[in-house]
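The file work_29.txt comes next; it holds compact mmCIF, C-alpha atoms.
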# COMPACT_ATOMS: atom_id res chain seq x y z
CA MET H 1 65.13 0.11 -89.32
CA THR H 2 63.82 3.44 -90.14
CA GLN H 3 60.37 2.00 -90.48
CA GLN H 4 60.68 0.36 -87.07
CA LYS H 5 61.60 3.62 -85.40
CA GLN H 6 58.66 5.30 -87.05
CA GLU H 7 56.29 2.71 -85.58
CA ASP H 8 57.86 3.13 -82.13
CA VAL H 9 57.36 6.87 -82.21
CA GLU H 10 53.70 6.51 -83.19
CA MET H 11 53.09 3.99 -80.41
CA SER H 12 54.76 6.25 -77.90
CA GLN H 13 52.57 9.12 -78.89
CA SER H 14 49.47 6.94 -78.70
CA ILE H 15 50.40 5.84 -75.17
CA LYS H 16 50.86 9.44 -74.11
CA ARG H 17 47.37 10.21 -75.35
CA ILE H 18 45.85 7.13 -73.59
CA VAL H 19 47.54 7.50 -70.16
CA PRO H 20 45.70 10.68 -69.02
CA TRP H 21 42.40 9.07 -69.87
CA GLY H 22 43.34 6.00 -67.82
CA LEU H 23 44.35 8.07 -64.83
CA ALA H 24 41.12 10.02 -65.05
CA ALA H 25 39.13 6.77 -65.08
CA VAL H 26 40.98 5.53 -62.00
CA LEU H 27 40.34 8.76 -60.18
CA VAL H 28 36.65 8.68 -61.11
CA VAL H 29 36.31 5.10 -59.83
CA SER H 30 38.12 6.03 -56.60
CA VAL H 31 35.91 9.09 -55.98
CA ALA H 32 32.75 7.10 -56.75
CA SER H 33 33.82 4.38 -54.31
CA ASN H 34 34.46 6.92 -51.58
CA SER H 35 31.14 8.61 -52.27
CA LEU H 36 29.31 5.30 -52.10
CA ALA H 37 31.10 4.40 -48.89
CA GLN H 38 30.31 7.79 -47.39
CA SER H 39 26.69 7.50 -48.50
CA GLY H 40 26.47 4.02 -46.95
CA GLY H 41 27.98 5.33 -43.70
CA TYR H 42 25.42 8.10 -43.45
CA ARG H 43 22.61 5.67 -44.20
CA PHE H 44 23.89 3.25 -41.57
CA ALA H 45 24.20 6.12 -39.08
CA ARG H 46 20.54 7.00 -39.72
CA ASP H 47 19.59 3.36 -39.16
CA MET H 48 21.48 3.41 -35.88
CA GLU H 49 19.63 6.58 -34.88
CA ASP H 50 16.36 4.79 -35.64
CA LEU H 51 17.52 2.00 -33.34
CA VAL H 52 18.12 4.54 -30.60
CA GLU H 53 14.62 6.00 -30.96
CA LEU H 54 12.94 2.59 -31.02
CA THR H 55 14.83 1.38 -27.95
CA GLU H 56 13.84 4.42 -25.88
CA SER H 57 10.16 3.43 -25.78
CA VAL H 58 8.79 0.29 -24.18
CA ARG H 59 5.97 0.20 -26.72
CA THR H 60 8.47 -0.16 -29.61
CA LYS H 61 10.65 -2.75 -27.92
CA SER H 62 9.82 -5.42 -30.50
CA ALA H 63 10.45 -3.02 -33.38
CA ALA H 64 13.84 -2.15 -31.87
CA ARG H 65 14.74 -5.82 -31.70
CA LEU H 66 13.84 -6.26 -35.39
CA GLN H 67 15.85 -3.16 -36.31
CA PHE H 68 18.86 -4.59 -34.46
CA ARG H 69 18.57 -7.88 -36.36
CA ASP H 70 18.42 -6.03 -39.68
CA LEU H 71 21.55 -4.07 -38.79
CA ARG H 72 23.30 -7.29 -37.76
CA ARG H 73 22.46 -8.86 -41.11
CA THR H 74 23.72 -5.78 -42.91
CA ALA H 75 27.02 -5.69 -40.98
CA PRO H 76 27.46 -9.12 -39.33
CA MET H 77 31.13 -8.54 -38.46
CA ASP H 78 30.76 -5.01 -37.10
CA ALA H 79 31.13 -5.16 -33.30
CA ARG H 80 29.82 -1.63 -32.90
CA VAL H 81 26.24 -2.69 -33.70
CA PRO H 82 25.76 -5.16 -30.81
CA TYR H 83 27.84 -2.97 -28.52
CA ALA H 84 25.63 0.07 -29.23
CA TYR H 85 22.48 -2.00 -28.73
CA ALA H 86 23.83 -3.34 -25.42
CA LEU H 87 24.57 0.21 -24.27
CA LEU H 88 21.05 1.32 -25.17
CA LEU H 89 19.60 -1.54 -23.13
CA LEU H 90 21.85 -0.62 -20.22
CA ASP H 91 20.60 2.94 -20.42
CA GLN H 92 17.05 1.59 -20.18
CA LYS H 93 18.10 -0.59 -17.19
CA ARG H 94 17.26 -3.75 -19.11
CA TYR H 95 20.31 -5.47 -17.71
CA GLN H 96 19.46 -9.07 -18.52
CA ASP H 97 18.71 -8.20 -22.15
CA ALA H 98 22.01 -6.32 -22.50
CA SER H 99 24.20 -9.27 -21.54
CA ASP H 100 24.05 -11.26 -24.81
CA PRO H 101 24.70 -8.39 -27.27
CA LEU H 102 27.57 -7.17 -25.08
CA ARG H 103 29.23 -10.59 -25.17
CA CYS H 104 28.64 -10.78 -28.90
CA ALA H 105 30.41 -7.43 -29.36
CA LEU H 106 33.44 -8.62 -27.38
CA ASP H 107 33.56 -11.86 -29.36
CA LEU H 108 33.79 -9.83 -32.55
CA ASP H 109 36.27 -7.27 -31.22
CA GLY H 110 37.97 -7.78 -27.85
CA LYS H 111 40.28 -4.79 -27.94
CA ASP H 112 38.10 -2.31 -26.07
CA LEU H 113 39.04 -2.45 -22.38
CA THR H 114 36.01 -0.30 -21.42
CA ALA H 115 33.71 -2.87 -23.01
CA TRP H 116 35.39 -5.62 -20.95
CA LYS H 117 34.94 -3.62 -17.76
CA THR H 118 31.29 -3.08 -18.66
CA ARG H 119 30.84 -6.82 -19.13
CA ILE H 120 32.36 -7.56 -15.71
CA TRP H 121 30.21 -4.90 -14.08
CA LEU H 122 27.05 -6.19 -15.76
CA SER H 123 27.79 -9.83 -14.87
CA VAL H 124 28.14 -8.91 -11.20
CA LEU H 125 24.96 -6.82 -11.34
CA ILE H 126 22.88 -9.69 -12.74
CA GLN H 127 24.67 -12.07 -10.33
CA ASP H 128 26.42 -14.05 -13.04
CA TYR H 129 29.42 -14.34 -10.75
CA ASP H 130 31.12 -17.17 -12.62
CA ASP H 131 31.37 -15.10 -15.80
CA ALA H 132 32.66 -12.07 -13.87
CA LEU H 133 35.36 -14.08 -12.06
CA ALA H 134 36.42 -15.93 -15.23
CA THR H 135 36.64 -12.66 -17.18
CA MET H 136 38.81 -11.00 -14.54
CA GLU H 137 41.16 -13.98 -14.39
CA HIS H 138 41.43 -14.00 -18.19
CA LEU H 139 42.17 -10.28 -18.37
CA GLY H 140 44.59 -10.52 -15.46
CA THR H 141 46.76 -12.87 -17.46
CA LYS H 142 46.71 -10.42 -20.39
CA MET H 143 48.14 -7.53 -18.40
CA PRO H 144 51.10 -6.11 -20.32
CA SER H 145 54.63 -6.02 -18.97
CA PRO H 146 55.86 -2.99 -17.05
CA HIS H 147 57.95 -1.88 -20.00
CA VAL H 148 55.19 -0.08 -21.85
CA SER H 149 54.23 3.51 -22.41
CA ALA H 150 53.05 5.67 -19.55
CA GLU H 151 49.55 5.82 -21.03
CA ARG H 152 49.22 2.04 -21.08
CA ARG H 153 50.62 1.78 -17.56
CA GLN H 154 47.96 4.26 -16.43
CA LYS H 155 45.22 2.22 -18.06
CA CYS H 156 46.56 -0.96 -16.46
CA CYS H 157 46.54 0.68 -13.02
CA GLU H 158 42.97 1.88 -13.56
CA PHE H 159 41.88 -1.60 -14.56
CA ALA H 160 43.63 -3.08 -11.53
CA GLY H 161 41.75 -0.61 -9.33
CA PHE H 162 38.50 -1.55 -11.06
CA MET H 163 39.08 -5.24 -10.33
CA GLY H 164 39.91 -4.31 -6.73
CA GLN H 165 36.54 -2.55 -6.43
CA ILE H 166 34.67 -5.50 -7.95
CA LEU H 167 36.37 -8.09 -5.74
CA GLY H 168 35.93 -5.83 -2.70
CA TYR H 169 32.22 -5.69 -3.46
CA LEU H 170 32.10 -9.46 -3.85
CA ALA H 171 33.90 -9.85 -0.52
CA GLY H 172 31.48 -7.54 1.27
CA PRO H 173 28.08 -6.34 0.04
CA GLY H 174 27.78 -8.95 -2.72
CA LYS H 175 28.96 -12.00 -0.83
CA GLU H 176 25.45 -13.42 -0.58
CA GLY H 177 25.04 -16.12 -3.19
CA LEU H 178 28.75 -16.27 -4.04
CA ASP H 179 31.04 -19.13 -3.21
CA PRO H 180 33.79 -17.56 -1.03
CA VAL H 181 36.29 -20.16 -2.25
CA LYS H 182 35.82 -19.00 -5.86
CA GLN H 183 36.12 -15.38 -4.82
CA THR H 184 39.37 -16.01 -2.95
CA ALA H 185 40.82 -18.08 -5.81
CA CYS H 186 40.01 -15.34 -8.35
CA GLN H 187 41.52 -12.66 -6.13
CA GLN H 188 44.73 -14.62 -5.76
CA ALA H 189 44.91 -15.28 -9.51
CA VAL H 190 44.39 -11.62 -10.33
CA THR H 191 46.84 -10.21 -7.79
CA SER H 192 49.54 -12.64 -8.89
CA CYS H 193 49.55 -10.95 -12.31
CA LEU H 194 49.88 -7.39 -11.03
CA THR H 195 52.95 -5.24 -10.70
CA PRO H 196 53.68 -3.67 -7.28
CA ALA H 197 52.19 -0.38 -8.40
CA GLN H 198 49.08 -2.10 -9.71
CA GLN H 199 48.86 -4.21 -6.55
CA GLU H 200 48.91 -1.07 -4.44
CA VAL H 201 46.04 0.45 -6.39
CA PHE H 202 44.15 -2.86 -6.21
CA ASP H 203 44.53 -3.15 -2.43
CA SER H 204 43.61 0.49 -1.84
CA LEU H 205 40.33 0.32 -3.74
CA PHE H 206 39.55 -3.15 -2.40
CA ALA H 207 39.85 -1.88 1.17
CA SER H 208 37.98 1.33 0.32
CA VAL H 209 34.91 -0.63 -0.75
CA LEU H 210 34.96 -2.79 2.38
CA ASP H 211 35.46 0.22 4.66
CA ASP H 212 32.59 2.09 3.02
CA TYR H 213 30.35 -0.94 3.33
CA THR H 214 31.31 -1.49 6.97
CA ALA H 215 30.62 2.13 7.85
CA ARG H 216 27.22 1.98 6.16
CA ILE H 217 26.29 -1.23 7.97
CA GLU H 218 27.35 0.17 11.36
CA GLU H 219 25.25 3.28 10.78
CA ILE H 220 22.30 1.14 9.74
CA GLU H 221 22.66 -1.07 12.84
CA LYS H 222 22.63 2.00 15.05
CA LEU H 223 19.52 3.26 13.31
CA VAL H 224 17.95 -0.18 13.71
CA GLN H 225 18.58 -0.10 17.45
CA ASP H 226 17.05 3.35 17.69
CA ALA H 227 14.09 2.19 15.65
CA ARG H 228 13.62 -0.83 17.92
CA GLN H 229 13.63 1.37 21.00
CA GLY H 230 11.10 3.63 19.32
CA GLU H 231 8.93 0.65 18.41
CA ALA H 232 9.10 -0.70 21.97
CA LYS H 233 8.17 2.70 23.40
CA CYS H 234 5.32 3.09 20.93
CA ARG H 235 4.06 -0.41 21.71
CA ASN H 236 4.10 0.28 25.45
CA LEU H 237 2.13 3.47 24.93
CA GLN H 238 -0.38 1.58 22.84
CA LEU H 239 -0.71 -1.11 25.51
CA VAL H 240 -1.28 1.55 28.16
CA SER H 241 -3.93 3.18 25.99
CA LEU H 242 -5.61 -0.19 25.44
CA SER H 243 -5.55 -0.85 29.17
CA GLU H 244 -7.25 2.49 29.82
CA ASP H 245 -9.85 1.70 27.18
CA ARG H 246 -10.46 -1.68 28.77
CA ALA H 247 -10.97 -0.08 32.20
CA HIS H 248 -13.33 2.48 30.67
CA THR H 249 -15.29 -0.34 29.01
CA TRP H 250 -15.70 -2.17 32.31
CA ARG H 251 -16.89 1.04 33.97
CA GLU H 252 -19.40 1.59 31.21
CA LEU H 253 -20.71 -1.96 31.56
CA GLY H 254 -21.18 -1.44 35.31
CA ARG H 255 -22.85 1.90 34.67
CA LEU H 256 -25.30 0.25 32.28
CA GLU H 257 -26.42 -2.11 35.05
CA ASP H 258 -26.96 0.87 37.35
CA LEU H 259 -28.94 2.67 34.66
CA ARG H 260 -31.08 -0.41 34.09
CA ALA H 261 -31.86 -0.76 37.81
CA HIS H 262 -32.52 2.97 38.11
CA ARG H 263 -34.94 2.88 35.18
CA ALA H 264 -36.80 -0.07 36.68
CA THR H 265 -37.16 1.84 39.95
CA LEU H 266 -38.45 4.93 38.15
CA ALA H 267 -41.00 2.85 36.24
CA ALA H 268 -42.19 1.16 39.44
CA ASN H 269 -42.50 4.50 41.18
CA GLU H 270 -44.42 5.93 38.26
CA ARG H 271 -46.87 3.04 38.38
CA MET H 272 -47.32 3.49 42.13
CA VAL H 273 -47.97 7.19 41.69
CA GLN H 274 -50.56 6.44 39.01
CA ALA H 275 -52.28 3.87 41.22
CA ALA H 276 -52.37 6.22 44.17
CA ALA H 277 -53.67 9.05 42.01
CA ARG H 278 -56.36 6.80 40.61
CA GLU H 279 -57.51 5.78 44.09
CA ARG H 280 -57.57 9.37 45.29
CA ALA H 281 -59.51 10.48 42.24
CA ALA H 282 -62.06 7.68 42.63
CA GLY H 283 -62.44 8.36 46.40
CA ALA H 284 -62.99 12.05 45.75
CA PHE H 285 -65.84 11.36 43.35
CA LEU H 286 -67.40 8.84 45.74
CA ASN H 287 -67.40 11.45 48.49
CA VAL H 288 -69.08 13.92 46.18
CA ASP H 289 -71.76 11.37 45.21
CA ASP H 290 -72.40 10.42 48.85
CA THR H 291 -72.91 14.08 49.74
CA ARG H 292 -75.34 14.51 46.91
CA TYR H 293 -77.13 11.33 47.95
CA ALA H 294 -77.45 12.57 51.53
CA ASP H 295 -78.86 15.84 50.24
CA SER H 296 -81.40 13.96 48.24
CA GLN H 297 -82.58 12.17 51.36
CA GLU H 298 -83.16 15.48 53.09
CA VAL H 299 -85.05 17.18 50.30
CA GLY H 300 -86.48 14.32 48.31
CA PRO H 301 -89.82 12.42 48.79
CA PHE H 302 -88.10 9.12 49.57
CA VAL H 303 -89.62 8.62 53.11
CA ARG H 304 -91.24 5.78 54.81
CA PRO H 305 -94.78 5.60 53.39
CA ASN H 306 -97.76 6.36 55.51
CA PRO H 307 -99.94 3.32 56.20
CA GLN H 308 -102.89 5.46 55.37
CA ASN H 309 -101.62 5.80 51.80
CA MET H 310 -100.49 2.19 51.36
CA GLY H 311 -102.43 -0.95 52.13
CA TRP H 312 -101.07 -4.10 53.79
CA ASP H 313 -101.85 -7.25 51.93
CA PRO H 314 -99.74 -10.22 52.92
CA ASP H 315 -101.07 -12.28 50.02
CA ALA H 316 -100.48 -9.66 47.39
CA ASN H 317 -97.21 -8.77 45.63
CA ALA H 318 -95.09 -7.24 48.32
CA GLY H 319 -92.80 -4.35 47.73
CA ALA H 320 -89.78 -3.44 49.73
CA GLY H 321 -90.39 -4.14 53.40
CA GLY H 322 -93.54 -6.02 52.62
CA PHE H 323 -95.44 -2.84 51.84
CA VAL H 324 -97.74 -2.62 48.94
CA ILE H 325 -97.03 0.50 47.05
CA ASP H 326 -99.89 2.55 46.10
CA ARG H 327 -100.05 3.82 42.54
CA ASN H 328 -100.26 7.28 43.99
CA SER H 329 -96.55 6.89 45.05
CA ARG H 330 -95.25 6.46 41.44
CA PRO H 331 -93.69 9.93 41.12
CA GLN H 332 -91.60 9.28 44.19
CA LEU H 333 -90.11 6.06 42.65
CA ASP H 334 -89.26 7.79 39.39
CA HIS H 335 -87.43 10.48 41.26
CA LEU H 336 -85.37 7.80 43.11
CA ALA H 337 -84.37 6.12 39.83
CA ASP H 338 -83.19 9.45 38.50
CA ARG H 339 -80.96 9.86 41.55
CA TYR H 340 -79.29 6.49 41.06
CA GLN H 341 -78.79 7.18 37.39
CA ALA H 342 -77.12 10.43 38.31
CA LEU H 343 -74.87 8.54 40.73
CA ASP H 344 -73.77 6.14 37.94
CA GLN H 345 -73.03 9.07 35.67
CA HIS H 346 -70.87 10.68 38.37
CA GLY H 347 -68.97 7.40 38.79
CA ALA H 348 -68.31 7.24 35.06
CA ALA H 349 -67.15 10.84 35.13
CA GLY H 350 -64.71 9.94 37.92
CA GLY H 351 -63.19 7.17 35.74
CA GLY H 352 -62.77 9.58 32.82
CA TYR H 353 -61.13 12.07 35.16
CA ALA H 354 -58.62 9.38 36.19
CA ARG H 355 -57.89 8.33 32.64
CA GLU H 356 -57.38 11.87 31.46
CA ARG H 357 -54.73 12.33 34.13
CA GLY H 358 -52.69 9.18 33.27
CA LEU H 359 -54.45 6.91 35.70
CA GLY H 360 -55.89 4.36 33.21
CA ASP H 361 -54.62 1.06 31.76
CA ALA H 362 -53.22 2.74 28.61
CA HIS H 363 -50.95 4.88 30.74
CA TYR H 364 -49.68 1.82 32.58
CA ALA H 365 -48.90 0.31 29.18
CA ASP H 366 -47.09 3.49 28.18
CA VAL H 367 -44.86 3.24 31.24
CA THR H 368 -44.06 -0.39 30.37
CA ALA H 369 -43.33 0.47 26.71
CA ARG H 370 -40.94 3.26 27.70
CA GLU H 371 -39.23 0.93 30.14
CA GLU H 372 -38.78 -1.77 27.47
CA LYS H 373 -37.49 0.77 24.93
CA TYR H 374 -34.90 2.04 27.37
CA HIS H 375 -33.98 -1.58 28.19
CA ASP H 376 -33.38 -2.28 24.45
CA TYR H 377 -31.22 0.85 24.24
CA LEU H 378 -29.12 -0.32 27.18
CA CYS H 379 -28.80 -3.81 25.66
CA ALA H 380 -27.52 -2.30 22.38
CA ARG H 381 -24.95 -0.26 24.27
CA GLU H 382 -23.96 -3.34 26.23
CA ARG H 383 -23.36 -5.28 23.00
CA LYS H 384 -21.19 -2.48 21.68
CA MET H 385 -19.21 -2.36 24.91
CA ASN H 386 -18.64 -6.12 24.78
CA GLN H 387 -17.53 -5.91 21.15
CA ARG H 388 -15.17 -3.11 22.07
CA HIS H 389 -13.80 -5.13 24.95
CA ARG H 390 -13.10 -8.10 22.64
CA ARG H 391 -11.45 -5.85 20.08
CA ILE H 392 -9.22 -4.33 22.77
CA ALA H 393 -8.16 -7.81 23.86
CA GLN H 394 -7.35 -8.79 20.26
CA ASP H 395 -5.34 -5.61 19.65
CA ALA H 396 -3.35 -6.14 22.84
CA SER H 397 -2.63 -9.76 21.92
CA ARG H 398 -1.52 -8.74 18.42
CA LEU H 399 0.80 -6.07 19.79
CA LEU H 400 2.40 -8.55 22.17
CA ARG H 401 2.92 -11.12 19.41
CA ARG H 402 4.42 -8.65 16.93
CA PRO H 403 8.23 -8.74 17.05
CA ILE H 404 10.23 -5.56 17.43
CA VAL H 405 12.44 -5.54 14.33
CA GLY H 406 13.25 -1.87 13.93
CA SER H 407 12.32 -1.85 10.26
CA THR H 408 11.28 1.39 8.59
CA ALA H 409 11.02 2.56 5.00
CA GLU H 410 14.13 4.69 5.43
CA LEU H 411 16.16 1.78 6.80
CA THR H 412 14.97 -0.49 4.02
CA CYS H 413 16.13 2.09 1.47
CA ARG H 414 19.47 2.47 3.24
CA LYS H 415 20.04 -1.29 3.24
CA ARG H 416 19.23 -1.46 -0.45
CA VAL H 417 21.71 1.30 -1.20
CA ALA H 418 24.37 -0.32 0.99
CA GLU H 419 24.04 -3.59 -0.93
CA ALA H 420 23.88 -2.08 -4.44
CA LEU H 421 26.84 -2.49 -6.79
CA ILE H 422 26.47 1.01 -8.21
CA THR H 423 27.05 2.47 -4.72
CA TYR H 424 30.66 1.29 -4.82
CA VAL H 425 31.38 0.69 -8.52
CA PRO H 426 29.66 3.02 -11.00
CA ILE H 427 29.02 1.80 -14.50
CA PRO H 428 32.34 2.05 -16.40
CA VAL H 429 30.84 3.82 -19.41
CA SER H 430 28.30 6.49 -20.16
CA PRO H 431 25.89 4.64 -22.45
CA ARG H 432 24.51 7.72 -24.18
CA GLU H 433 27.87 9.28 -24.90
CA GLU H 434 29.33 6.00 -26.13
CA VAL H 435 26.38 5.43 -28.50
CA GLU H 436 26.79 8.95 -29.91
CA ARG H 437 30.48 8.25 -30.45
CA ILE H 438 29.64 5.02 -32.30
CA ILE H 439 27.10 6.75 -34.57
CA ALA H 440 29.60 9.54 -35.28
CA SER H 441 32.18 6.93 -36.29
CA TYR H 442 29.96 5.88 -39.19
CA ARG H 443 29.67 9.43 -40.47
CA ASP H 444 33.41 9.96 -40.24
CA ARG H 445 34.17 6.92 -42.36

Could you render the structure from this file as structure tokens?
Amino acid sequence: MTQQKQEDVEMSQSIKRIVPWGLAAVLVVSVASNSLAQSGGYRFARDMEDLVELTESVRTKSAARLQFRDLRRTAPMDARVPYAYALLLLDQKRYQDASDPLRCALDLDGKDLTAWKTRIWLSVLIQDYDDALATMEHLGTKMPSPHVSAERRQKCCEFAGFMGQILGYLAGPGKEGLDPVKQTACQQAVTSCLTPAQQEVFDSLFASVLDDYTARIEEIEKLVQDARQGEAKCRNLQLVSLSEDRAHTWRELGRLEDLRAHRATLAANERMVQAAARERAAGAFLNVDDTRYADSQEVGPFVRPNPQNMGWDPDANAGAGGFVIDRNSRPQLDHLADRYQALDQHGAAGGGYARERGLGDAHYADVTAREEKYHDYLCARERKMNQRHRRIAQDASRLLRRPIVGSTAELTCRKRVAEALITYVPIPVSPREEVERIIASYRDR
């Protein structure tokens, strides 16, 4: 018995010595696990930051997609990874690409009401109306009972107002491409699940969207009417201007005919003046030669020969008048030849005088050449006038065929704004802030 007690005491002491070491080992393991977890969180946060940087640039879009797949393989059940990637794509306005990761995030964790609102908003934006209507009906049935905390009641009222905005948009600006029967059925299903307070918020925001849209459309229609009146006035002014141009063209064509006839008259008159000048010049030289010839008869030896100096021989070679010229009369004949030669030289000088003064054939040709050149100039102008006349007719016809629609760049922009979802329902989340919150959540772990 005594021996047994001794063994018990020794074992008790041994246990006392072992227990502190065991507790220390447990504490060390716990601290190491927390350190590893914290180290993994920081590393994952850095990987998420890399995803943010890669998504910001279009050139690294493929690298961002690969980074997202690596993060998904590392944490396949973490809904924050696809949700953050969807938010980054939304921030880059890559709406179609953001749809699948956003749905994946909600399939993994469907507790975030903001994520559900973002999915509805995105589905309407990309015109996936069936998904938006089905999601609202599903969430409408999940609305909690009125007996909840004030904070949850506030969130339910905000969500009811959000659905009112979405359905108001689908009933007004976004009704194109949507089956009105489906829209009405969804609205009835949603409103049947709301409390009176939620219904009031729903109806208020639903009507607010429709009123805003109606006011915008009325303002746009007024601007369209003003633009149409402006277009009609501008078109009338253009038609008047074209009519004046057409009248001016016809006057110019008539003036060209007058100029052509006037030029022909001038050329004919110039030729007549040249002909008359030539005749006067030639007559003047003939008068001068005749005078000189008469003088030569008075002073020269050309007189009827004396029969005493010339012999009559009917059988011999007869000269002028049947006289036989004596060889003693040879100087008188040479002097007569010189006179006629001088007369020919004076006649030639008279022709040169006429030519020098524009009275020859070359000057007639010059008149004709100038007339033809001016005729070609008038023909070129006539072709241009005819082309202008045809162009005026085409412009007038085009103006008359063009409808007056009242469309301007400003009105097109206004219509686009009036039909945009973001005009009435802003995106439910700030993508950048939400991504920063998600990255911070990994560091805080």

| note | A straight line from atom CA of H:Asp203 to atom CA of H:Ile220 spans 25.7 Å

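The shell of residues at most 10 Å from H:Glu257, with only C-alpha atoms counted and near chain neighbours (fewer than 6 positions) removed, consists of H:Arg263, H:Leu378, H:Cys379, H:Glu382.
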
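With atom CA of H:Thr265 on one side and atom CA of H:Ala247 on the other, the separation reads 27.4 Å.
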
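In this structure, atom CA of H:Ser407 sits 17.4 Å away from atom CA of H:Asn236.
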
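The residue that comes closest to H:Phe206, out of H:Ala264, H:Ala75, H:Met163, H:Leu194 and on the basis of all atoms listed in the file, is H:Met163.
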
| said: Around (19.2, -0.4, -35.4), as given in the file, which residues come within 10 Å? Count only C-alpha atoms and list them as number ranges by chain. | reply: H: 44-55, 63-72, 81-82, 84-85
